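Notes follow the structure.
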Amino acid sequence: MDDPQDLGRLLACCGHLGRQYGVNLLRRKGYDVTPVQTRTLVYLSCCREAVNQRELERELRLRPSTVNGIVSRLEEKGYLSRRASPLDGRCRLVSLTEAGREKVEAFRASLEETNRRLCAVLTEGEQAQLGDMLSRIIADLENEVNKA
């Protein structure tokens, strides 16, 4: 990698192939969720209470209309519920249903397998170093994006 500008392409390629690997694994195991639906369910499983849909948009780094579509599809599948906030009726609160919690537990092993595959060629030290570097890149880019 002589050209430092290749780094962006390499990161994009790793992200794409990692998602593709995960999708293939989920499909082989018969799960009916996409990667972004998986991220949504996993994030909600970590929340102690219902999440404002705006917060979900920030977490997923997606537009409101995109998140609305994701939430609608997961709601149709019975994995989450959406209700108006008691404090502000304009805000929608999103939370997992029992079926959603069960779904997250069912595919957690597949997510861990995908992560193991991504890290298979790296030592523990390299994984820690890469994680630190990627976290710094993400923080810097978030600062730049949030300035706009």
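In the structure tokens, the first chain shown is A, the next is B, and so on; residue numbers restart at 1 for each chain, and ligands run from 1 in the order shown.
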
Quick one: contact table of stretch 25-81 of chain A to stretch 86-101 of chain A, 8 Å max, nearest atom pair and distance in Å to one decimal per residue, counting only C-alpha atoms, chain and number order, as a Markdown table?
```
| residue | atom | partner | partner_atom | distance |
| --- | --- | --- | --- | --- |
| A:Leu41 | CA | A:Gly100 | CA | 7.0 |
| A:Leu44 | CA | A:Leu96 | CA | 6.4 |
| A:Ser45 | CA | A:Arg101 | CA | 6.6 |
| A:Glu49 | CA | A:Ser95 | CA | 7.1 |
| A:Ala50 | CA | A:Ser95 | CA | 4.6 |
| A:Val51 | CA | A:Val94 | CA | 5.2 |
| A:Asn52 | CA | A:Leu93 | CA | 4.5 |
| A:Gln53 | CA | A:Arg92 | CA | 5.6 |
| A:Gly78 | CA | A:Ala99 | CA | 6.6 |
| A:Tyr79 | CA | A:Gly100 | CA | 3.8 |
| A:Leu80 | CA | A:Leu96 | CA | 4.2 |
| A:Ser81 | CA | A:Ser95 | CA | 5.5 |
```

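These are the residues of chain A assigned strand (DSSP E or B) by DSSP from backbone coordinates: Val51, Asn52, Leu80, Ser81, Arg82, Arg83, Ala84, Arg92, Leu93, Val94, Ser95 and Leu96 of chain A.
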
Can you write just those residues out, all heavy atoms, as a JSON list (two decimals), in the first residue's frame?
```
[["chain", "number", "residue", "atom", "x", "y", "z"],
["A", 51, "VAL", "N", -36.11, 3.85, 23.25],
["A", 51, "VAL", "CA", -35.20, 4.84, 22.67],
["A", 51, "VAL", "C", -35.98, 5.75, 21.73],
["A", 51, "VAL", "O", -36.79, 5.28, 20.93],
["A", 51, "VAL", "CB", -34.08, 4.11, 21.89],
["A", 51, "VAL", "CG1", -33.21, 5.09, 21.13],
["A", 51, "VAL", "CG2", -33.26, 3.26, 22.82],
["A", 52, "ASN", "N", -35.72, 7.03, 21.83],
["A", 52, "ASN", "CA", -36.30, 7.99, 20.90],
["A", 52, "ASN", "C", -35.79, 7.64, 19.50],
["A", 52, "ASN", "O", -34.61, 7.35, 19.32],
["A", 52, "ASN", "CB", -35.85, 9.39, 21.32],
["A", 52, "ASN", "CG", -36.41, 10.48, 20.46],
["A", 52, "ASN", "OD1", -36.39, 10.39, 19.24],
["A", 52, "ASN", "ND2", -36.90, 11.52, 21.11],
["A", 80, "LEU", "N", -40.03, -5.33, 17.24],
["A", 80, "LEU", "CA", -40.00, -4.12, 18.05],
["A", 80, "LEU", "C", -41.35, -3.44, 18.02],
["A", 80, "LEU", "O", -42.21, -3.76, 17.19],
["A", 80, "LEU", "CB", -38.87, -3.17, 17.64],
["A", 80, "LEU", "CG", -38.76, -2.65, 16.22],
["A", 80, "LEU", "CD1", -39.75, -1.52, 15.97],
["A", 80, "LEU", "CD2", -37.36, -2.15, 15.99],
["A", 81, "SER", "N", -41.51, -2.52, 18.95],
["A", 81, "SER", "CA", -42.75, -1.74, 18.99],
["A", 81, "SER", "C", -42.38, -0.27, 19.00],
["A", 81, "SER", "O", -41.28, 0.12, 19.40],
["A", 81, "SER", "CB", -43.58, -2.11, 20.22],
["A", 81, "SER", "OG", -42.88, -1.77, 21.40],
["A", 82, "ARG", "N", -43.33, 0.51, 18.56],
["A", 82, "ARG", "CA", -43.14, 1.96, 18.45],
["A", 82, "ARG", "C", -44.36, 2.62, 19.07],
["A", 82, "ARG", "O", -45.49, 2.20, 18.82],
["A", 82, "ARG", "CB", -43.02, 2.31, 16.97],
["A", 82, "ARG", "CG", -42.50, 3.63, 16.65],
["A", 82, "ARG", "CD", -42.18, 3.86, 15.21],
["A", 82, "ARG", "NE", -42.75, 2.98, 14.21],
["A", 82, "ARG", "CZ", -42.51, 3.08, 12.92],
["A", 82, "ARG", "NH1", -41.71, 4.01, 12.48],
["A", 82, "ARG", "NH2", -43.05, 2.26, 12.06],
["A", 83, "ARG", "N", -44.10, 3.65, 19.89],
["A", 83, "ARG", "CA", -45.22, 4.37, 20.50],
["A", 83, "ARG", "C", -44.83, 5.83, 20.67],
["A", 83, "ARG", "O", -43.64, 6.18, 20.64],
["A", 83, "ARG", "CB", -45.60, 3.75, 21.84],
["A", 83, "ARG", "CG", -44.51, 3.77, 22.88],
["A", 83, "ARG", "CD", -44.97, 3.14, 24.20],
["A", 83, "ARG", "NE", -43.90, 2.84, 25.11],
["A", 83, "ARG", "CZ", -43.13, 3.70, 25.78],
["A", 83, "ARG", "NH1", -43.31, 4.99, 25.61],
["A", 83, "ARG", "NH2", -42.19, 3.32, 26.60],
["A", 84, "ALA", "N", -45.84, 6.65, 20.81],
["A", 84, "ALA", "CA", -45.60, 8.08, 21.02],
["A", 84, "ALA", "C", -45.03, 8.28, 22.43],
["A", 84, "ALA", "O", -45.40, 7.58, 23.37],
["A", 84, "ALA", "CB", -46.88, 8.86, 20.85],
["A", 92, "ARG", "N", -41.29, 9.54, 18.69],
["A", 92, "ARG", "CA", -41.63, 8.11, 18.69],
["A", 92, "ARG", "C", -40.57, 7.36, 19.49],
["A", 92, "ARG", "O", -39.37, 7.55, 19.29],
["A", 92, "ARG", "CB", -41.65, 7.58, 17.26],
["A", 92, "ARG", "CG", -42.53, 8.36, 16.30],
["A", 92, "ARG", "CD", -43.99, 8.22, 16.58],
["A", 92, "ARG", "NE", -44.43, 6.91, 16.12],
["A", 92, "ARG", "CZ", -45.56, 6.35, 16.49],
["A", 92, "ARG", "NH1", -46.37, 6.96, 17.29],
["A", 92, "ARG", "NH2", -45.87, 5.17, 16.04],
["A", 93, "LEU", "N", -41.06, 6.52, 20.41],
["A", 93, "LEU", "CA", -40.17, 5.70, 21.21],
["A", 93, "LEU", "C", -40.17, 4.28, 20.66],
["A", 93, "LEU", "O", -41.23, 3.73, 20.34],
["A", 93, "LEU", "CB", -40.61, 5.68, 22.68],
["A", 93, "LEU", "CG", -40.60, 7.04, 23.38],
["A", 93, "LEU", "CD1", -41.11, 6.90, 24.81],
["A", 93, "LEU", "CD2", -39.19, 7.63, 23.38],
["A", 94, "VAL", "N", -39.01, 3.69, 20.55],
["A", 94, "VAL", "CA", -38.83, 2.37, 19.96],
["A", 94, "VAL", "C", -38.25, 1.44, 21.01],
["A", 94, "VAL", "O", -37.31, 1.81, 21.72],
["A", 94, "VAL", "CB", -37.88, 2.44, 18.74],
["A", 94, "VAL", "CG1", -37.70, 1.09, 18.11],
["A", 94, "VAL", "CG2", -38.38, 3.46, 17.73],
["A", 95, "SER", "N", -38.78, 0.22, 21.10],
["A", 95, "SER", "CA", -38.24, -0.77, 22.03],
["A", 95, "SER", "C", -38.43, -2.17, 21.47],
["A", 95, "SER", "O", -39.31, -2.41, 20.64],
["A", 95, "SER", "CB", -38.90, -0.64, 23.41],
["A", 95, "SER", "OG", -40.29, -0.83, 23.30],
["A", 96, "LEU", "N", -37.60, -3.09, 21.95],
["A", 96, "LEU", "CA", -37.70, -4.48, 21.54],
["A", 96, "LEU", "C", -38.93, -5.13, 22.15],
["A", 96, "LEU", "O", -39.29, -4.83, 23.29],
["A", 96, "LEU", "CB", -36.48, -5.28, 21.98],
["A", 96, "LEU", "CG", -35.18, -5.10, 21.25],
["A", 96, "LEU", "CD1", -34.12, -6.02, 21.84],
["A", 96, "LEU", "CD2", -35.32, -5.38, 19.78]]
```

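In terms of minimum interatomic distance to A:Gly69, A:Val36 ranks closest within A:Ala109, A:Ala12, A:Val36, A:Val104, counting only C-alpha atoms.
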
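Nearest-residue note for A:Thr38: choosing from A:Asp132, A:Glu126, A:Glu105, A:Glu144, the minimum distance belongs to A:Glu105, counting only C-alpha atoms.
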